[in-house]
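Heads up, upload.txt below (compact mmCIF, C-alpha atoms (C1' of nucleotides)):
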```
# COMPACT_ATOMS: atom_id res chain seq x y z
CA MET A 1 39.60 -11.46 -41.54
CA LYS A 2 41.85 -13.15 -39.03
CA LEU A 3 45.61 -12.60 -38.94
CA ALA A 4 48.19 -14.20 -36.70
CA THR A 5 51.86 -14.17 -35.83
CA TRP A 6 53.79 -16.98 -34.20
CA ASN A 7 57.43 -17.55 -33.39
CA VAL A 8 57.53 -21.32 -33.83
CA ASN A 9 61.18 -21.80 -32.76
CA SER A 10 62.01 -24.31 -35.51
CA LEU A 11 59.42 -25.10 -38.12
CA ALA A 12 60.98 -28.54 -38.55
CA VAL A 13 60.03 -29.37 -34.97
CA ARG A 14 56.76 -27.45 -34.82
CA LEU A 15 55.17 -28.20 -38.21
CA PRO A 16 52.60 -30.67 -36.82
CA GLN A 17 51.62 -28.21 -34.09
CA LEU A 18 51.38 -25.41 -36.61
CA ILE A 19 49.08 -27.39 -38.88
CA ASP A 20 46.95 -28.44 -35.90
CA TRP A 21 46.65 -24.83 -34.80
CA LEU A 22 45.86 -23.54 -38.29
CA THR A 23 43.21 -26.21 -38.67
CA ALA A 24 41.58 -25.24 -35.39
CA GLU A 25 41.90 -21.45 -35.71
CA GLN A 26 41.49 -20.98 -39.46
CA PRO A 27 43.30 -17.66 -39.73
CA ASP A 28 43.44 -16.06 -43.17
CA VAL A 29 47.07 -15.11 -42.82
CA ILE A 30 49.87 -16.10 -40.47
CA VAL A 31 53.46 -14.94 -40.30
CA LEU A 32 56.08 -17.20 -38.74
CA GLN A 33 59.42 -16.45 -37.12
CA GLU A 34 62.44 -18.59 -36.32
CA THR A 35 61.69 -21.19 -38.95
CA LYS A 36 65.43 -22.06 -38.79
CA LEU A 37 65.32 -23.62 -42.24
CA THR A 38 67.18 -22.97 -45.44
CA ASP A 39 64.80 -22.23 -48.30
CA ASP A 40 65.27 -25.67 -49.86
CA LYS A 41 64.03 -27.28 -46.64
CA PHE A 42 60.87 -25.20 -46.25
CA PRO A 43 57.89 -27.59 -45.97
CA ALA A 44 55.89 -25.97 -48.77
CA ALA A 45 54.40 -29.26 -49.96
CA ALA A 46 53.14 -30.29 -46.51
CA LEU A 47 51.60 -26.86 -46.00
CA ALA A 48 50.02 -26.89 -49.46
CA GLU A 49 48.58 -30.30 -48.59
CA ALA A 50 46.95 -28.66 -45.57
CA GLY A 51 45.63 -25.83 -47.77
CA TRP A 52 48.24 -23.11 -47.21
CA GLN A 53 50.22 -21.19 -49.78
CA ALA A 54 53.44 -19.62 -48.56
CA ALA A 55 56.32 -17.29 -49.19
CA TRP A 56 59.44 -17.91 -47.16
CA PHE A 57 62.90 -16.60 -46.47
CA GLY A 58 65.29 -18.56 -44.31
CA GLN A 59 68.83 -19.55 -43.52
CA LYS A 60 70.66 -22.31 -41.73
CA THR A 61 70.24 -22.71 -37.94
CA TYR A 62 68.95 -19.24 -37.06
CA ASN A 63 66.16 -16.79 -37.86
CA GLY A 64 63.95 -17.41 -40.88
CA VAL A 65 60.48 -16.01 -41.60
CA ALA A 66 57.44 -16.94 -43.67
CA VAL A 67 53.96 -15.78 -44.56
CA LEU A 68 51.15 -18.27 -45.10
CA ALA A 69 47.75 -17.62 -46.62
CA ARG A 70 44.99 -19.40 -48.49
CA GLU A 71 45.99 -17.64 -51.72
CA ALA A 72 49.62 -17.28 -52.72
CA PRO A 73 51.22 -14.16 -51.19
CA GLN A 74 51.99 -11.54 -53.86
CA ALA A 75 54.68 -8.90 -54.42
CA VAL A 76 57.01 -10.54 -51.92
CA VAL A 77 60.01 -8.61 -50.62
CA ARG A 78 62.68 -10.33 -48.53
CA ASN A 79 64.50 -8.43 -45.78
CA ILE A 80 64.85 -4.64 -45.83
CA PRO A 81 65.80 -3.15 -49.20
CA GLY A 82 68.94 -1.06 -48.87
CA PHE A 83 69.92 -2.59 -45.54
CA ALA A 84 72.61 -5.20 -46.06
CA ASP A 85 71.92 -8.08 -43.69
CA GLU A 86 73.23 -11.63 -43.43
CA GLN A 87 70.22 -12.59 -41.36
CA ALA A 88 66.80 -13.58 -42.70
CA ARG A 89 64.39 -11.54 -40.58
CA VAL A 90 61.72 -9.83 -42.66
CA ILE A 91 59.22 -10.85 -45.28
CA THR A 92 56.69 -8.49 -46.84
CA ALA A 93 53.78 -9.58 -49.01
CA SER A 94 50.37 -8.54 -50.27
CA VAL A 95 47.50 -10.77 -49.33
CA GLY A 96 43.75 -10.22 -49.14
CA GLY A 97 44.01 -6.50 -49.85
CA LEU A 98 46.55 -5.99 -47.06
CA ARG A 99 50.24 -5.28 -47.07
CA VAL A 100 51.66 -7.65 -44.47
CA ILE A 101 55.13 -7.30 -43.00
CA GLY A 102 56.29 -10.25 -40.91
CA ALA A 103 59.42 -9.65 -38.87
CA TYR A 104 61.74 -11.38 -36.45
CA PHE A 105 63.38 -8.49 -34.64
CA PRO A 106 66.93 -9.06 -33.36
CA ASN A 107 67.19 -10.25 -29.78
CA GLY A 108 69.97 -7.80 -28.92
CA GLN A 109 71.54 -10.00 -26.24
CA ALA A 110 72.46 -7.21 -23.78
CA PRO A 111 72.64 -3.42 -23.80
CA GLY A 112 76.06 -2.27 -24.99
CA SER A 113 76.82 -5.49 -26.87
CA GLU A 114 77.56 -5.72 -30.58
CA LYS A 115 74.26 -7.49 -31.03
CA PHE A 116 72.49 -4.61 -29.33
CA ALA A 117 74.13 -2.16 -31.76
CA TYR A 118 72.94 -4.37 -34.61
CA LYS A 119 69.44 -4.34 -33.14
CA MET A 120 69.44 -0.54 -33.06
CA ALA A 121 70.66 -0.26 -36.67
CA TRP A 122 68.13 -2.88 -37.78
CA LEU A 123 65.28 -1.06 -35.99
CA GLU A 124 66.24 2.19 -37.70
CA ALA A 125 66.24 0.48 -41.09
CA LEU A 126 62.95 -1.28 -40.38
CA ARG A 127 61.21 1.97 -39.53
CA GLY A 128 62.36 3.41 -42.86
CA TRP A 129 61.07 0.36 -44.70
CA VAL A 130 57.71 0.40 -42.96
CA ALA A 131 57.35 4.15 -43.65
CA GLN A 132 58.11 3.52 -47.31
CA GLU A 133 55.60 0.68 -47.53
CA LEU A 134 53.01 2.71 -45.67
CA SER A 135 53.30 5.46 -48.24
CA GLN A 136 52.35 2.89 -50.92
CA HIS A 137 49.89 0.76 -48.96
CA GLU A 138 47.31 2.32 -46.70
CA HIS A 139 46.16 -1.04 -45.30
CA LEU A 140 49.30 -2.31 -43.63
CA VAL A 141 50.03 -4.70 -40.77
CA LEU A 142 53.43 -5.11 -39.11
CA MET A 143 53.55 -8.22 -36.98
CA GLY A 144 56.04 -10.61 -35.51
CA ASP A 145 58.44 -11.20 -32.66
CA TYR A 146 59.59 -7.69 -31.78
CA ASN A 147 61.83 -8.74 -28.89
CA ILE A 148 60.63 -5.55 -27.20
CA ALA A 149 58.32 -5.26 -24.22
CA PRO A 150 56.86 -1.81 -24.89
CA GLU A 151 55.69 -0.96 -21.37
CA ASP A 152 56.26 -2.16 -17.82
CA SER A 153 52.78 -3.70 -17.97
CA ASP A 154 54.22 -6.06 -20.58
CA VAL A 155 56.73 -7.47 -18.11
CA TYR A 156 56.07 -9.90 -15.24
CA ASP A 157 58.71 -8.29 -13.05
CA PRO A 158 59.44 -4.80 -14.34
CA VAL A 159 61.77 -4.01 -11.46
CA ALA A 160 64.01 -6.99 -12.13
CA TRP A 161 63.88 -6.34 -15.87
CA ALA A 162 64.47 -2.58 -15.71
CA GLY A 163 67.14 -1.68 -18.25
CA GLN A 164 67.54 -5.32 -19.31
CA ILE A 165 67.30 -6.52 -22.87
CA HIS A 166 63.76 -6.20 -24.31
CA CYS A 167 63.04 -3.43 -21.79
CA THR A 168 65.63 -0.73 -22.39
CA ASP A 169 64.65 2.87 -23.09
CA GLU A 170 66.40 2.64 -26.47
CA GLU A 171 64.32 -0.34 -27.58
CA ARG A 172 61.12 1.22 -26.27
CA ALA A 173 61.93 4.47 -28.07
CA HIS A 174 62.15 2.50 -31.31
CA PHE A 175 58.80 0.86 -30.59
CA LYS A 176 57.31 4.31 -30.05
CA GLY A 177 58.92 5.38 -33.30
CA LEU A 178 56.91 2.68 -35.08
CA LEU A 179 53.76 3.86 -33.31
CA GLY A 180 54.59 7.35 -34.59
CA LEU A 181 54.40 6.35 -38.27
CA PRO A 182 51.59 6.06 -37.14
CA LEU A 183 50.75 2.46 -36.29
CA HIS A 184 48.55 1.10 -33.51
CA ASP A 185 49.20 -1.78 -31.11
CA ALA A 186 46.11 -3.92 -31.82
CA PHE A 187 46.37 -5.68 -28.46
CA ARG A 188 46.06 -2.41 -26.55
CA LEU A 189 42.99 -1.31 -28.46
CA PHE A 190 41.04 -3.57 -26.10
CA GLU A 191 40.81 -4.24 -22.43
CA GLN A 192 43.02 -7.25 -21.74
CA PRO A 193 43.59 -9.61 -18.86
CA PRO A 194 46.43 -8.37 -16.64
CA LYS A 195 49.68 -10.32 -16.94
CA SER A 196 49.17 -11.12 -20.60
CA TRP A 197 52.41 -12.41 -22.06
CA SER A 198 53.39 -13.86 -25.42
CA TRP A 199 56.72 -15.43 -24.42
CA TRP A 200 57.87 -17.43 -21.44
CA ASP A 201 61.45 -18.60 -21.00
CA TYR A 202 61.87 -22.36 -21.27
CA ARG A 203 63.89 -22.18 -18.05
CA ASN A 204 62.84 -21.70 -14.47
CA LEU A 205 59.33 -23.15 -14.93
CA ALA A 206 58.49 -19.72 -16.27
CA PHE A 207 55.27 -20.75 -17.99
CA ARG A 208 53.91 -22.55 -14.94
CA LYS A 209 54.65 -19.46 -12.88
CA ASN A 210 53.35 -17.17 -15.63
CA GLN A 211 56.64 -15.30 -15.70
CA GLY A 212 56.68 -13.89 -19.19
CA LEU A 213 56.92 -10.89 -21.43
CA ARG A 214 54.66 -9.49 -24.15
CA ILE A 215 57.16 -9.17 -26.99
CA ASP A 216 55.09 -10.42 -29.96
CA HIS A 217 52.97 -7.69 -31.46
CA ILE A 218 50.55 -6.78 -34.21
CA LEU A 219 50.65 -3.15 -35.30
CA VAL A 220 48.05 -1.86 -37.74
CA SER A 221 47.94 1.26 -39.88
CA ASP A 222 45.56 4.18 -39.31
CA ALA A 223 43.31 3.03 -42.15
CA LEU A 224 42.83 -0.35 -40.46
CA LYS A 225 42.48 0.79 -36.86
CA ALA A 226 38.71 1.21 -36.89
CA SER A 227 38.18 -2.26 -38.35
CA VAL A 228 40.11 -4.11 -35.64
CA SER A 229 37.43 -6.05 -33.77
CA ALA A 230 39.54 -8.23 -31.45
CA CYS A 231 43.09 -9.08 -30.50
CA ARG A 232 44.26 -11.85 -28.21
CA ILE A 233 47.18 -14.05 -27.27
CA ASP A 234 46.44 -17.77 -27.56
CA LYS A 235 48.26 -19.43 -24.67
CA ALA A 236 46.97 -22.90 -25.57
CA PRO A 237 49.87 -23.97 -27.82
CA ARG A 238 52.33 -23.07 -25.05
CA LYS A 239 50.75 -25.95 -23.09
CA ASN A 240 51.58 -28.49 -25.80
CA GLU A 241 53.91 -31.34 -25.05
CA ARG A 242 56.85 -29.82 -26.91
CA PRO A 243 55.92 -26.17 -27.22
CA SER A 244 57.51 -23.16 -28.77
CA ASP A 245 58.51 -20.66 -26.10
CA HIS A 246 56.17 -18.16 -27.81
CA ALA A 247 52.38 -18.12 -28.09
CA PRO A 248 50.56 -16.95 -31.22
CA VAL A 249 48.94 -13.51 -31.29
CA VAL A 250 45.71 -13.16 -33.25
CA VAL A 251 43.90 -10.11 -34.59
CA GLU A 252 40.49 -9.92 -36.22
CA LEU A 253 39.52 -7.29 -38.75
CA ALA A 254 35.91 -6.56 -39.62
CA PRO A 255 35.15 -6.68 -43.34
C1' DA B 1 67.51 -22.75 -5.05
C1' DT B 2 67.19 -24.93 -9.16
C1' DG B 3 64.77 -25.92 -13.18
C1' DT B 4 65.35 -25.38 -21.31
C1' DC B 5 65.37 -26.13 -26.06
C1' DA B 6 67.22 -26.34 -30.86
C1' DC B 7 70.98 -26.58 -33.68
C1' DC B 8 75.73 -27.01 -34.97
C1' DT B 9 80.30 -29.43 -35.08
C1' DG B 10 82.38 -33.37 -34.55
C1' DG B 11 81.41 -36.83 -32.26
C1' DT B 12 78.96 -39.88 -28.89
C1' DA B 13 79.83 -34.00 -25.48
C1' DG B 14 80.34 -29.12 -25.79
C1' DG B 15 79.30 -24.55 -27.64
C1' DT B 16 76.04 -20.95 -29.23
C1' DG B 17 71.89 -18.38 -29.28
C1' DA B 18 67.65 -17.41 -27.44
```

Would it be possible to restate this file's structure as structure tokens?
Amino acid sequence: MKLATWNVNSLAVRLPQLIDWLTAEQPDVIVLQETKLTDDKFPAAALAEAGWQAAWFGQKTYNGVAVLAREAPQAVVRNIPGFADEQARVITASVGGLRVIGAYFPNGQAPGSEKFAYKMAWLEALRGWVAQELSQHEHLVLMGDYNIAPEDSDVYDPVAWAGQIHCTDEERAHFKGLLGLPLHDAFRLFEQPPKSWSWWDYRNLAFRKNQGLRIDHILVSDALKASVSACRIDKAPRKNERPSDHAPVVVELAP
DNA sequence: ATGTCACCTGGTAGGTGA
């Protein structure tokens, strides 16, 4: 079974690239972030035409998440129950015997900002939600754009980024809190090429210079850990003509 | 040294968020 996560930075713009990638990669499940579409604009028909059933949760201009699979996602929950939020950031669904949580974590802007405080509150609520789901569903995957680089090895210039957004101790403590549930970072279950990133700023020729961060992650539950057979970041779509700033992350689970 | 993109409003640019 192949699962993927991809921040597409506007599904309206990236739909053709998404369908191309799905056609080439044939994942069983993919979660999307930053669809930036209200629910009435979600391209369900075009995706169904390409063979993908979906559940989605969006808003105007910002955020927006979705889960796509060959069979219709079941038992869908939108956002975090009990956590009042104007922003569409989380979608949870059952598919192929797995509980899948797709999430677009808040950016946080800068330490000390209001948006950072929101990020901290959101992270706290998310951990509670994941713990609750984990208690009901042994086979669980939490994947998406975390907007957290968990370790210095996930940062192209850890000195320059020390204490900056995505790299603060507070954000990293929350990431470790998720690992404590426990969950496992699928990417780090394997030896990986050094300087593996999942996001490169559009500015500063960052992709050409491979100046990026690994902020998109796939965390798997204890019960799934042993079945994870591979995990990789697919840089290819970042080389497209009009790319998202993020690359997809893919995990494979043995049957 | 610098270098963007997507979306909105309100308009043929400027602001916001990332």

Query - 6 Å contacts from chain B to chain A using all atoms listed in the file, as a PyMOL selection string - result: chain B and resi 3-4+7

Requested in this report: Using only C-alpha atoms (C1' of nucleotides), determine which residues lie at most 10 Å from Ala12 (chain A), disregarding the query and same-chain residues fewer than 2 positions distant; provide the list as a PyMOL selection string.
Outcome: chain A and resi 8-10+14-16+35-37+41-43

Can you list every residue of region 113-201 of chain A that has an atom at most 10 Å from region 81-100 of chain A, with its nearest atom pair and the distance in Å to one decimal, using all atoms listed in the file, ordered by chain then number, as a tab-separated table?
```
residue	atom	partner	partner_atom	distance
A:Tyr118	CA	A:Asp85	CA	9.9
A:Ala121	CA	A:Phe83	CA	9.2
A:Trp122	CA	A:Phe83	CA	8.0
A:Glu124	CA	A:Phe83	CA	9.9
A:Ala125	CA	A:Phe83	CA	6.5
A:Leu126	CA	A:Phe83	CA	8.8
A:Gly128	CA	A:Pro81	CA	9.8
A:Trp129	CA	A:Pro81	CA	7.4
A:Val130	CA	A:Thr92	CA	9.8
A:Glu133	CA	A:Arg99	CA	8.0
A:Leu134	CA	A:Arg99	CA	8.6
A:Gln136	CA	A:Arg99	CA	9.3
A:His137	CA	A:Arg99	CA	6.3
A:Glu138	CA	A:Arg99	CA	8.2
A:His139	CA	A:Leu98	CA	5.3
A:Leu140	CA	A:Arg99	CA	4.6
A:Val141	CA	A:Val100	CA	5.0
A:Leu142	CA	A:Val100	CA	6.2
A:Met143	CA	A:Val100	CA	7.7
A:Gly144	CA	A:Val90	CA	9.2
A:Asp145	CA	A:Arg89	CA	9.9
```

Query raised in the report: Skipping near chain neighbours, those fewer than 6 positions away, what residues fall within 12 Å of His174 (chain A) using only C-alpha atoms (C1' of nucleotides), listed as a ChimeraX atom specification?
Result: /A:105,119-128,146-150,166-168,180-181

Query - Residue among A:Leu11, A:Leu18, A:Ile215, A:Ala160 lying closest to DA6 (chain B), counting all atoms listed in the file - result: A:Leu11

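You will find CA of Val31 (chain A) at 18.4 Å from CA of Trp197 (chain A).
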